[in-house]
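Participant: I have a structure here, written as structure tokens, and I will follow up with some questions on it.
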Amino acid sequence: MTKKKLLVDPKSLKFLTAVSSIEYSKPTLKMGALIASVFDASHGVVYVGERASGFHGSSVNMTRQNLDNWNIIHPGLEVLEWALEEIKKMSPENQDLAKIKFNPDHVHEEDGRVRVILPNDKGSRIELILREGELVDQLRREIQLEDYNLAIIGGSQNKRHLAHSIIQYIPCSIFVLQKFNPRKHYKLLLLVDDSAATRKSVEYGALIAKKLGWPVRTLTVSKTKRFGEGYQGAADLTKAYFQSKDIEVEQFFLTGDPVRTFVEFAGDNHFIIMGASTLNPVKQLLFGSKPIKTLEQTDVPILIVR
Amino acid sequence: MFITADMIFWVQQKRWLLIALAVGAVLYWFIPHPESLGQDAYHILIIILMTLILILKEPIPLPAIALQLIFWQVIIGGSTANEVGSYFMNDAVFFIMGSLMLAVAIVSQGLDKRLALGIIRITGNKTWRIVTGFTAISALLSSFMGPHMVTAMMLPVALTLIRFTNKSRKSIRGLTASLLFAIAYGAMFGSIGTPSGGGRNVIMMNYWAEFGSGSLSYIEWIKLVYPMVLLEIPLAAFIILKTFPPELPVLDTAVRRLSAEVARSGKTTLKQMATLLLFGGVLLGWAFLSENYGLGSIALIGVFLFVAFGLVSWEELSKGTNWGVILLFGATISIGVQMKNTGGAAWLADGSVNLLKGLIPNIDALRAVVSVALSGVLSNLLSGSATVAVVGPVVLNLGGDPILLGLASVISSAFGYFTTVAAPACTIIYSSGLVKAPDFLRAGWKMAVMSTLSLALVGLVWWPLFR
Amino acid sequence: MTIYIDVLFWMRQKRWFLIAIAYGLFMHFGVSPPADLNPAAFDALIIISMALILIITEPLPLPAIAMFMLFMQVVLGIDTANNVASSFMNDAVFFIMGSLMLAVAIVSQGLDKRLALGIITLTGHKTWRIVAGFTAISAILASFIGEHTVAAMMMPVGLTLVRYANKDPKKVAGLTAALLFSIAYGATIGSIGTPSGGGRNVIMMNYWAEFGAGSVTYLEWIKYVYPMVLFQIPFTVIILLWTFKPEQSNLDSAVRKLVIDVARAGKIKGREWLAIFLFFLVFLGWVFLSEDFGLGIIALLGVFLYLAFGLVEWQELNRKTNWGVILLFGAAISIGIQMNKTGAAEWIAQVIIVNLGKVINDPAILQGSVSVLLTGFMSNILSSSATVAVVGPIVLDLGGDKILIGYATAIASAFGYFTAVAAPACTIIYSSGLVKSKDFLRAGWKMGILSLVSLLGLSLLWWPLL
């Protein structure tokens with residue numbers, strides 16, 4: 001079998017984790033760091049804070065400057081400091097990581113965001129970024145600025161509303177970590193059809209399965225009882241790919257409404273991996289798409305691959 | 001693909017801009033003006049409506065809103081550019097510009113550490129006394145220098161005190177909230193005490209002069225309004241302590257550490273003394289010279305002297321000044337004046353009186369209620385100064401005593417207790433991340449009731465003694 | 001002890017400020033105004049002279065001087081605070097504010113680099129050719145669309161070239177001045193070329209109609225005046241190169257960097273097309289709608305569109321716009337209005353006429369020199385439109401050929417070379433912070449002479465032919 005070109009080049013990946021508070025972001029951060037290490041990617045952590053209304057922005061800035069004189073730092077910087085410590089805790093044997101120190105005075109304002117400068121950052125490739133504004137808008141800008149490949153976001157209460165915006169407007173792969181329980185045993189559920197994005201998601205899935213050792217299942221759903229050549233072919237290629245990497249995979253073929261079937265099958269013990277939609281943006285806005293609807297209805301973590 | 005994801009994203013983010021424009025377009029082209037309202041006045045009101053939608057939802061930055069306020073007045077409001085310009089700038093805008101810059105100049109001197117020491121000496125270390133002390137001092141200072149400066153200076157003191165208690169954040173939520181709200185609410189109700197306490201006060205004084213309604217000197221204003229401030233101090237402290245009961249009755253460790261920290265910062269420097277003297281001079285100027293020169297000119301003189309004496313550099317001032325806000329105030333005041341000139345304000349005033357005539361037969365009470373309600377409600381959505389800029393002309397057209405009604409409107413515009421965005425003091429304490437939006441509601445409604453009752457009391461008992 | 005040193009040092013640094021204050025106090029309290037000048041007008045003149053001293057010697061930052069001009073009007077009782085404030089803001093200030101902000105917006109999209117590259121492809125890399133190219137292009141464009149617009153458009157281009165020549169602007173002060181002044185002076189000399197070149201031209205055409213002097217068509221104006229524009233271009237280039245002596249004789253390395261940067265930015269993206277399109281809209285607005293709405297309003301509309309379409313962030317505008325210059329311009333306009341209101345401007349005009357009349361007997365020459373000198377001098381303080389508005393009636397009343405006198409006045413009102421506030425183009429380049437007040441003086445007097453000579457030549461040699 002001819003060797004196909006890898007769509008996912010593991011050497012130069014950049015991942016971005018969005019954190020919002022010390023109380024709620026721990027699982028997201030842990031997963032983000034884990035995934036980054038699985039893919040050996042550089043890892044950026046971004047805190048998106050609320051922007052003060054235009055009327056009082058300058059008063060807030062003036063106060064912040066004053067607070068600086070008292071060594072009281074921006075709440076977002078506090079969260080970033082905590083994030084760095086958590087990342088260090090996850091790899092206690094990593095000496096390079098342990099040497100990195102957080103200094104709230106070493107921040108650089110550029111391109112509409114604040115970046116914390118971390119000296120001694122040799123090869124660990126961690127970025128800490130502070131932004132203010134609306135979440136989706138700021139994430140979009142950050143991703144466009146630094147060309148991230150994957151954004152890791154926690155689930156949120158406003159899931160319905162954000163789901164649409166996040167999936168439609170964030171220009172890279174997205175990992176939405178909902179109700180992620182680090183102690184649970186998850187299986188990987190790969191949604192396979194004949195779209196181009198499936199190939200890339202297969203490669204992602206294989207890498208994750210290989211490094212984390214989780215069992216893999218693929219699911220192909222057709223609205224009719226027949227599975228056309230495209231679907232069947234895709235499923236076969238997938239199996240072949242996994243076998244070439246020495247990974248066992250169970251394959252399922254079900255009939256019904258794709259989104260509802262995904263959601264029911266996933267239950268609460270699978271990680272879903274699926275490709276992004278290929279519908280044009282206007283149709284997506286008006287009618288939604290498979291990934292958007294899946295995210296709205298499911299409660300498990302879901303990785304959407306672009 | 002002609003329509004890209006970028007464009008759709010833009011439409012989604014800016015939808016309120018498109019909605020506001022659509023509303024304006026429909027009203028302008030399809031709905032004719034009511035007979036009692038002139039065409040120009042109608043157009044002005046359309047512009048104001050669009051602007052209110054934009055300010056509430058902020059799809060575009062505030063300065064852009066200011067810009068559209070300016071050019072719509074010329075394009076559909078029937079003014080010339082020079083006319084708009086001439087209404088744009090007045091003593092009130094000078095004052096807003098000057099006081100923002102003075103705030104930057106003074107705060108950058110680091111006088112708050114001295115202030116902290118002074119406060120602790122007076123209040124001691126019992127928590128309820130500290131909270132009351134914070135409320136009182138924020139109110140008193142804010143009445144002369146405005147809420148921005150006071151909050152910017154007091155917040156670090158409170159946060160440091162909290163940090164020095166060495167307790168986890170969760171365990172002292174009540175203490176944190178009570179200290180922070182003491183500062184914010186104190187600064188808010190204090191800022192109405194003298195004309196120099198806030199831009200909204202000067203905007204109203206400006207309208208009185210423009211509309212020929214009479215005037216109040218600095219001292220007269222204090223005589224009429226300060227008793228209310230003094231009345232509110234103990235009541236506010238009580239409300240805050242009851243809503244956010246502090247977990248620690250005494251803060252001796254924290255206070256001791258704070259004193260030590262402050263003492264370490266050394267003696268007062270020459271620059272700081274010069275700052276205090278200069279600011280004292282500005283205050284005296286406001287108190288005694290403002291009738292001749294205007295509060296704004298005196299503020300600018302103050303800024304000029306700060307720069308001339310090298311106490312602050314122009315770069316620092318320019319960076320710390322939000323020019324967009326100044327633009328916005330100029331723009332809203334210019335449209336306020338246009339509202340009056342075209343008769344739009346009178347139409348709105350008559351309309352609201354007619355609407356409520358059935359409910360409140362007493363015309364004086366009706367007028368008071370309209371002023372207070374309009375200002376009080378709007379000020380929780382817009383900033384207090386923007387509220388007065390827009391509501392002022394309407395209130396001054398209700399009839400009755402424009403000075404007292406104007407005062408009532410200004411006072412109520414300080415009732416922005418409910419939301420985190422309306423008043424600068426609230427925005428500042430919210431930005432610390434230590435108080436949450438529901439906290440504002442919990443204490444806010446009590447403060448609003450207390451303030452309204454105090455206003456009623458002062459209005460019915462104290463003011464008639466003078467006018 | 002150190003306190004005394006601090007204070008003494010302050011006094012040394014700010015000595016011109018103290019001198020100006022002393023002068024002002026002396027004039028106000030010690031000298032009584034001339035009989036035919038009312039005290040308010042006299043005070044206005046005192047404030048202006050103090051401001052001129054401060055602007056030229058710069059002991060304080062310009063915005064402080066602006067505030068000074070504003071509040072002194074109130075303190076000396078010339079007008080109430082609200083009236084002073086009203087006089088501060090008008091379409092002209094809106095225009096300066098808007099065009100400075102537009103410049104920031106254009107730069108943030110990187111369009112200035114592309115325009116710079118385009119110009120350099122035409123002119124080549126030798127410094128003198130680039131300076132000549134800038135001067136010529138600014139002059140020709142300004143003659144059709146006005147100096148304001150051209151200065152606003154070209155400044156980011158000039159600044160880009162400067163930055164590429166050397167990261168440290170102090171090392172290339174001569175080159176910087178040469179490039180920036182080529183824009184400002186180019187625009188100024190060009191703005192007289194056609195009626196649409198400047199508001200003052202329109203004001204004069206109005207006066208001709210009002211004073212019954214007849215009317216002049218667009219093409220007639222060009223016939224009478226354009227030769228002077230073309231004549232001045234090469235000489236302006238010579239003056240600039242001679243005064244400012246650019247440090248580099250060619251800008252090869254700067255151009256190379258520019259080419260690389262533009263190439264790296266890739267093809268023009270969607271957002272950049274939008275930015276160009278919006279600017280084109282603003283430009284059309286300026287050409288066709290400015291009579292109805294005002295140049296300034298259209299500029300502000302342009303900024304609004306840039307903000308609404310997300311092409312620039314307000315934080316960037318706030319940070320990078322030079323607010324001090326806007327304040328200064330507003331203050332200058334405000335005091336200009338006061339000079340007019342109090343009658344100080346008329347008084348100056350009368351004084352000069354009377355005194356010159358003692359020296360020059362020939363009425364024709366008298367008229368000519370009065371209108372030219374008076375206008376030229378005053379337009380360095382007031383705006384050129386205000387100058388023409390004030391001086392026009394006086395001069396047209398002196399008799400003689402109203403049309404020719406009118407041309408001379410309109411042309412002379414463009415002689416705003418000497419201070420940063422003399423003309424909007426000067427203000428705009430001054431706002432970059434890279435040229436000093438004395439630079440204006442150094443080149444200004446030579447330009448003044450050049451323009452006077454050219455005007456003389458035009459009136460003596462060319463006009464009699466027509």
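By order in the structure tokens, chains are A, B, ...; within a chain, residues start at 1; ligands start at 1, following the order shown.
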Restrict the calculation to only C-alpha atoms, then for each residue of chain C with any atom at most 9 Å from an atom of chain B give the closest atom pair and their distance in Å to one decimal, rows by chain and rising residue number, as a Markdown table.
Facilitator:
```
| residue | atom | partner | partner_atom | distance |
| --- | --- | --- | --- | --- |
| C:Ile3 | CA | B:Leu270 | CA | 7.6 |
| C:Trp10 | CA | B:Phe309 | CA | 7.6 |
| C:Lys14 | CA | B:Ala308 | CA | 8.1 |
| C:Phe17 | CA | B:Ala308 | CA | 8.7 |
| C:Pro59 | CA | B:Ala308 | CA | 8.7 |
| C:Leu60 | CA | B:Ala308 | CA | 6.5 |
| C:Pro61 | CA | B:Trp314 | CA | 6.9 |
| C:Pro63 | CA | B:Trp314 | CA | 7.6 |
| C:Ala64 | CA | B:Phe304 | CA | 5.6 |
| C:Ile65 | CA | B:Phe304 | CA | 8.2 |
| C:Met67 | CA | B:Leu300 | CA | 6.5 |
| C:Phe68 | CA | B:Phe304 | CA | 7.0 |
| C:Leu70 | CA | B:Ser297 | CA | 7.9 |
| C:Phe71 | CA | B:Ser297 | CA | 5.5 |
| C:Met72 | CA | B:Ser297 | CA | 8.9 |
| C:Val74 | CA | B:Tyr293 | CA | 6.0 |
| C:Val75 | CA | B:Tyr293 | CA | 6.6 |
| C:Gly77 | CA | B:Tyr293 | CA | 8.4 |
| C:Thr80 | CA | B:Tyr293 | CA | 6.8 |
| C:Ala81 | CA | B:Asp91 | CA | 5.7 |
| C:Asn82 | CA | B:Asn90 | CA | 4.7 |
| C:Asn83 | CA | B:Asn90 | CA | 7.2 |
| C:Val84 | CA | B:Asn90 | CA | 7.6 |
| C:Ala85 | CA | B:Asn90 | CA | 4.5 |
| C:Ser86 | CA | B:Ser86 | CA | 4.0 |
| C:Ser87 | CA | B:Ser86 | CA | 6.0 |
| C:Phe88 | CA | B:Met89 | CA | 6.7 |
| C:Met89 | CA | B:Gly85 | CA | 4.5 |
| C:Asn90 | CA | B:Gly85 | CA | 4.1 |
| C:Asp91 | CA | B:Ala81 | CA | 5.2 |
| C:Ala92 | CA | B:Asn82 | CA | 8.3 |
| C:Val93 | CA | B:Gly85 | CA | 8.4 |
| C:Phe94 | CA | B:Gly85 | CA | 7.8 |
| C:Asp292 | CA | B:Thr80 | CA | 8.3 |
| C:Phe293 | CA | B:Val74 | CA | 6.3 |
| C:Gly294 | CA | B:Ala81 | CA | 6.0 |
| C:Leu295 | CA | B:Ala81 | CA | 8.7 |
| C:Gly296 | CA | B:Ala81 | CA | 7.5 |
| C:Ile297 | CA | B:Phe71 | CA | 5.5 |
| C:Ile298 | CA | B:Phe71 | CA | 7.6 |
| C:Leu300 | CA | B:Leu67 | CA | 6.1 |
| C:Leu301 | CA | B:Phe71 | CA | 6.5 |
| C:Val303 | CA | B:Ala64 | CA | 7.8 |
| C:Phe304 | CA | B:Ala64 | CA | 5.3 |
| C:Leu305 | CA | B:Ala64 | CA | 8.5 |
| C:Leu307 | CA | B:Ala64 | CA | 6.4 |
| C:Ala308 | CA | B:Ile60 | CA | 5.9 |
| C:Phe309 | CA | B:Trp10 | CA | 7.7 |
| C:Gly310 | CA | B:Trp10 | CA | 8.3 |
| C:Glu313 | CA | B:Pro61 | CA | 8.4 |
| C:Trp314 | CA | B:Pro61 | CA | 6.7 |
| C:Asn318 | CA | B:Trp323 | CA | 6.6 |
| C:Arg319 | CA | B:Lys319 | CA | 6.5 |
| C:Asn322 | CA | B:Ser318 | CA | 8.7 |
| C:Trp323 | CA | B:Ser318 | CA | 7.3 |
| C:Gly324 | CA | B:Ser318 | CA | 8.0 |
```
Participant: Using only C-alpha atoms, which residues sit within 8 Å of Glu316 of chain C once same-chain residues fewer than 4 positions away are excluded, as a list of chain:residue names?
Facilitator: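 The residues that qualify are C:Val104, C:Val312, C:Lys320.
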Participant: Smallest atom-to-atom distance to Lys245 of chain C: which of C:Ile140, C:Arg114, C:Ala177, C:Ser451, using only C-alpha atoms?
Facilitator: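 Under the stated criterion, the closest residue is C:Ala177.
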Participant: For chain A, report every residue with an atom at most 9 Å from chain B (counting only C-alpha atoms), formatted as JSON, numbers by chain.
Facilitator: {"A": [50, 51, 52, 53, 54, 55, 56, 57, 58, 59, 60, 61, 62, 63, 64, 65, 66, 67, 68, 69, 70, 71, 72, 74, 75, 76, 137, 165, 168, 169, 280, 281, 282, 285]}
Participant: Please determine, counting only C-alpha atoms, which residue among C:Thr149, C:Thr342, C:Gln109, C:Thr236 has the shortest atom-to-atom distance to Ile276 of chain C.
Facilitator: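 Smallest separation from Ile276 of chain C among the options: C:Gln109.
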Participant: Considering only C-alpha atoms, state which residue in the set A:Gly267, A:Gly112, A:Pro171, A:Gly154 is at the smallest distance from chain C.
Facilitator: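 So, comparing all the options, the nearest one is A:Gly112.
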Participant: Quick one, how far is atom CA of Val46 of chain A from atom CA of Arg131 of chain A?
Facilitator: 7.2 Å
Participant: Can you work out which one of A:Thr218, A:Val305, A:Arg141, A:Phe252 has the shortest atom-to-atom distance to chain C, counting only C-alpha atoms?
Facilitator: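 For chain C, the nearest of the candidates is A:Arg141.
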Participant: DSSP on the backbone: what in segment 6-249 of chain A comes out strand (DSSP E or B), as a count of residues only?
Facilitator: 52
Participant: Tell me which protein, DNA and RNA residues are within 8 Å of segment 88-91 of chain A, counting only C-alpha atoms, leaving out same-chain ones fewer than 6 positions away, and put them as a PyMOL selection string.
Facilitator: chain A and resi 30+97-98
Participant: Grab the atom CA of Leu374 of chain B to atom CA of Val391 of chain B distance for me, in Å with one decimal place.
Facilitator: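 These two atoms are separated by 7.2 Å.
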Participant: Per DSSP on the backbone, what are the helix (DSSP H, G or I) residues of segment 165-378 of chain B, as a ChimeraX atom specification?
Facilitator: /B:170-190,195-197,199-210,218-243,252-263,270-293,295-308,314-320,323-342,344-356,363-378
Participant: Tell me which protein, DNA and RNA residues are within 8 Å of Ile222 of chain C, counting only C-alpha atoms, leaving out same-chain ones fewer than 4 positions away, and put them as an MDAnalysis selection string.
Facilitator: chainID C and resid 193:194 218 226
Participant: Generate a file of the selected residues that holds N, CA and C atoms, formatted as a PDB file, in the first residue's frame.
Facilitator:
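And here is the file that came out, out_31.pdb:
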```pdb
ATOM      1  N   GLY C 193      -3.519  76.176  -6.929  1.00  0.00           N
ATOM      2  CA  GLY C 193      -3.579  75.965  -8.369  1.00  0.00           C
ATOM      3  C   GLY C 193      -4.963  75.998  -8.993  1.00  0.00           C
ATOM      4  N   THR C 194      -5.947  75.453  -8.289  1.00  0.00           N
ATOM      5  CA  THR C 194      -7.305  75.478  -8.846  1.00  0.00           C
ATOM      6  C   THR C 194      -8.261  75.878  -7.734  1.00  0.00           C
ATOM      7  N   TYR C 218     -13.372  77.911 -13.391  1.00  0.00           N
ATOM      8  CA  TYR C 218     -12.350  76.973 -12.925  1.00  0.00           C
ATOM      9  C   TYR C 218     -11.135  77.047 -13.828  1.00  0.00           C
ATOM     10  N   TYR C 226      -1.757  78.443 -12.301  1.00  0.00           N
ATOM     11  CA  TYR C 226      -0.986  77.207 -12.330  1.00  0.00           C
ATOM     12  C   TYR C 226       0.481  77.372 -12.698  1.00  0.00           C
TER      13      TYR C 226
END
```
